[in-house]
$ cat run35.pdb   # PDB, C-alpha atoms, pLDDT in the B column
ATOM      1  CA  MET A   1     -25.594 -16.111   6.756  1.00 81.00           C
ATOM      2  CA  GLY A   2     -22.332 -17.543   5.523  1.00 90.00           C
ATOM      3  CA  ALA A   3     -19.665 -19.390   7.424  1.00 91.00           C
ATOM      4  CA  LEU A   4     -15.946 -18.782   7.483  1.00 90.00           C
ATOM      5  CA  ASN A   5     -13.170 -21.164   8.445  1.00 93.00           C
ATOM      6  CA  VAL A   6      -9.947 -19.576   9.599  1.00 92.00           C
ATOM      7  CA  ARG A   7      -6.633 -21.226  10.372  1.00 95.00           C
ATOM      8  CA  THR A   8      -5.119 -19.671  13.449  1.00 96.00           C
ATOM      9  CA  ASP A   9      -1.547 -19.411  14.611  1.00 97.00           C
ATOM     10  CA  GLU A  10      -0.171 -18.589  18.027  1.00 97.00           C
ATOM     11  CA  ALA A  11      -0.662 -14.825  17.596  1.00 97.00           C
ATOM     12  CA  MET A  12      -4.258 -15.313  16.431  1.00 96.00           C
ATOM     13  CA  GLU A  13      -5.005 -17.601  19.387  1.00 97.00           C
ATOM     14  CA  LYS A  14      -3.604 -15.000  21.778  1.00 97.00           C
ATOM     15  CA  ALA A  15      -5.737 -12.287  20.148  1.00 97.00           C
ATOM     16  CA  LEU A  16      -8.827 -14.513  20.285  1.00 97.00           C
ATOM     17  CA  SER A  17      -8.138 -15.295  23.920  1.00 97.00           C
ATOM     18  CA  THR A  18      -8.015 -11.594  24.730  1.00 97.00           C
ATOM     19  CA  LEU A  19     -11.103 -10.788  22.669  1.00 97.00           C
ATOM     20  CA  THR A  20     -13.098 -13.562  24.327  1.00 98.00           C
ATOM     21  CA  SER A  21     -11.985 -12.746  27.885  1.00 97.00           C
ATOM     22  CA  ASP A  22     -15.131 -10.658  28.386  1.00 97.00           C
ATOM     23  CA  GLY A  23     -17.431 -13.587  27.595  1.00 97.00           C
ATOM     24  CA  ARG A  24     -17.722 -13.161  23.840  1.00 97.00           C
ATOM     25  CA  SER A  25     -17.707 -16.302  21.761  1.00 97.00           C
ATOM     26  CA  ARG A  26     -14.918 -16.856  19.266  1.00 96.00           C
ATOM     27  CA  SER A  27     -17.387 -16.130  16.455  1.00 95.00           C
ATOM     28  CA  GLU A  28     -18.435 -12.852  18.082  1.00 96.00           C
ATOM     29  CA  ALA A  29     -14.792 -11.910  18.604  1.00 97.00           C
ATOM     30  CA  VAL A  30     -13.961 -12.562  14.947  1.00 96.00           C
ATOM     31  CA  ARG A  31     -16.995 -10.571  13.752  1.00 96.00           C
ATOM     32  CA  TYR A  32     -16.014  -7.728  16.093  1.00 96.00           C
ATOM     33  CA  ALA A  33     -12.418  -7.729  14.863  1.00 97.00           C
ATOM     34  CA  LEU A  34     -13.431  -7.811  11.195  1.00 96.00           C
ATOM     35  CA  LEU A  35     -15.855  -4.927  11.605  1.00 97.00           C
ATOM     36  CA  ARG A  36     -13.256  -2.909  13.552  1.00 97.00           C
ATOM     37  CA  ALA A  37     -10.660  -3.520  10.831  1.00 97.00           C
ATOM     38  CA  TYR A  38     -13.188  -2.549   8.145  1.00 98.00           C
ATOM     39  CA  LYS A  39     -14.119   0.661   9.990  1.00 98.00           C
ATOM     40  CA  GLU A  40     -10.439   1.500  10.455  1.00 97.00           C
ATOM     41  CA  GLN A  41      -9.801   0.995   6.734  1.00 97.00           C
ATOM     42  CA  LEU A  42     -12.744   3.249   5.825  1.00 97.00           C
ATOM     43  CA  LEU A  43     -11.491   5.966   8.174  1.00 96.00           C
ATOM     44  CA  GLU A  44      -7.967   5.731   6.748  1.00 96.00           C
ATOM     45  CA  GLN A  45      -9.361   6.068   3.226  1.00 96.00           C
ATOM     46  CA  ALA A  46     -11.504   9.050   4.261  1.00 95.00           C
ATOM     47  CA  THR A  47      -8.453  10.716   5.808  1.00 94.00           C
ATOM     48  CA  GLU A  48      -6.412  10.154   2.645  1.00 93.00           C
ATOM     49  CA  ASP A  49      -9.269  11.525   0.524  1.00 89.00           C
ATOM     50  CA  ALA A  50      -9.632  14.582   2.752  1.00 88.00           C
ATOM     51  CA  GLU A  51      -5.901  15.298   2.590  1.00 89.00           C
ATOM     52  CA  ARG A  52      -5.909  14.929  -1.193  1.00 87.00           C
ATOM     53  CA  LEU A  53      -8.912  17.238  -1.546  1.00 85.00           C
ATOM     54  CA  GLU A  54      -7.485  19.756   0.911  1.00 85.00           C
ATOM     55  CA  ASN A  55      -4.428  20.144  -1.307  1.00 87.00           C
ATOM     56  CA  ASP A  56      -6.408  20.635  -4.531  1.00 91.00           C
ATOM     57  CA  PRO A  57      -7.434  24.287  -5.093  1.00 92.00           C
ATOM     58  CA  ASP A  58     -10.255  23.361  -7.488  1.00 92.00           C
ATOM     59  CA  ASP A  59     -11.741  20.885  -5.016  1.00 89.00           C
ATOM     60  CA  ARG A  60     -11.397  23.394  -2.176  1.00 88.00           C
ATOM     61  CA  ALA A  61     -13.277  25.996  -4.232  1.00 91.00           C
ATOM     62  CA  GLU A  62     -16.018  23.504  -5.069  1.00 90.00           C
ATOM     63  CA  MET A  63     -16.390  22.441  -1.424  1.00 86.00           C
ATOM     64  CA  LEU A  64     -16.625  26.095  -0.375  1.00 89.00           C
ATOM     65  CA  ALA A  65     -19.278  26.755  -3.043  1.00 93.00           C
ATOM     66  CA  ILE A  66     -21.321  23.790  -1.799  1.00 93.00           C
ATOM     67  CA  GLN A  67     -20.972  24.930   1.825  1.00 92.00           C
ATOM     68  CA  ARG A  68     -22.123  28.425   0.871  1.00 94.00           C
ATOM     69  CA  PHE A  69     -25.076  26.996  -1.050  1.00 94.00           C
ATOM     70  CA  MET A  70     -26.022  24.906   1.994  1.00 95.00           C
ATOM     71  CA  GLY A  71     -25.657  27.931   4.287  1.00 92.00           C
ATOM     72  CA  VAL A  72     -22.892  26.328   6.306  1.00 89.00           C
ATOM     73  CA  VAL A  73     -20.449  29.213   5.709  1.00 81.00           C
ATOM     74  CA  GLU A  74     -20.915  32.811   4.631  1.00 77.00           C
TER      75      GLU A  74
END

$ encode --input "run35.pdb" --output "structure tokens"
Amino acid sequence: MGALNVRTDEAMEKALSTLTSDGRSRSEAVRYALLRAYKEQLLEQATEDAERLENDPDDRAEMLAIQRFMGVVE
């Protein structure tokens, strides 16, 4: 496992204080925050992709064909 050094400022220290108030270590709090940020970024990208596909008639037709093939829709 790798290590990461991070310089903190006042806002970061406040965030770390809040994230460690439940007994988590600073390392656990940073890992938690990074994974939450990563998940949020993935969800944002998925939402953007879904909106783009929703507005493309060819992609909509292909998705419908796949759903019909899988028996999800009639």

$ atom_distance --input "run35.pdb" --atom1 "CA of Asn5 (chain A)" --atom2 "CA of Leu42 (chain A)"
24.6 Å

$ closest_residue --input "run35.pdb" --among "A:Ala11, A:Leu43, A:Met1, A:Val6" --to "Val30 (chain A)" --atoms "all atoms listed in the file"
A:Val6

$ resolve_selection --input "run35.pdb" --expression "the PyMOL selection byres ((chain A and resi 16) around 12)" --output "list of chain:residue names"
A:Val6, A:Thr8, A:Asp9, A:Glu10, A:Ala11, A:Met12, A:Glu13, A:Lys14, A:Ala15, A:Ser17, A:Thr18, A:Leu19, A:Thr20, A:Ser21, A:Asp22, A:Gly23, A:Arg24, A:Ser25, A:Arg26, A:Ser27, A:Glu28, A:Ala29, A:Val30, A:Arg31, A:Tyr32, A:Ala33

$ atom_distance --input "run35.pdb" --atom1 "CA of Glu44 (chain A)" --atom2 "CA of Ala65 (chain A)"
25.8 Å

$ atom_distance --input "run35.pdb" --atom1 "CA of Gln41 (chain A)" --atom2 "CA of Arg7 (chain A)"
22.7 Å
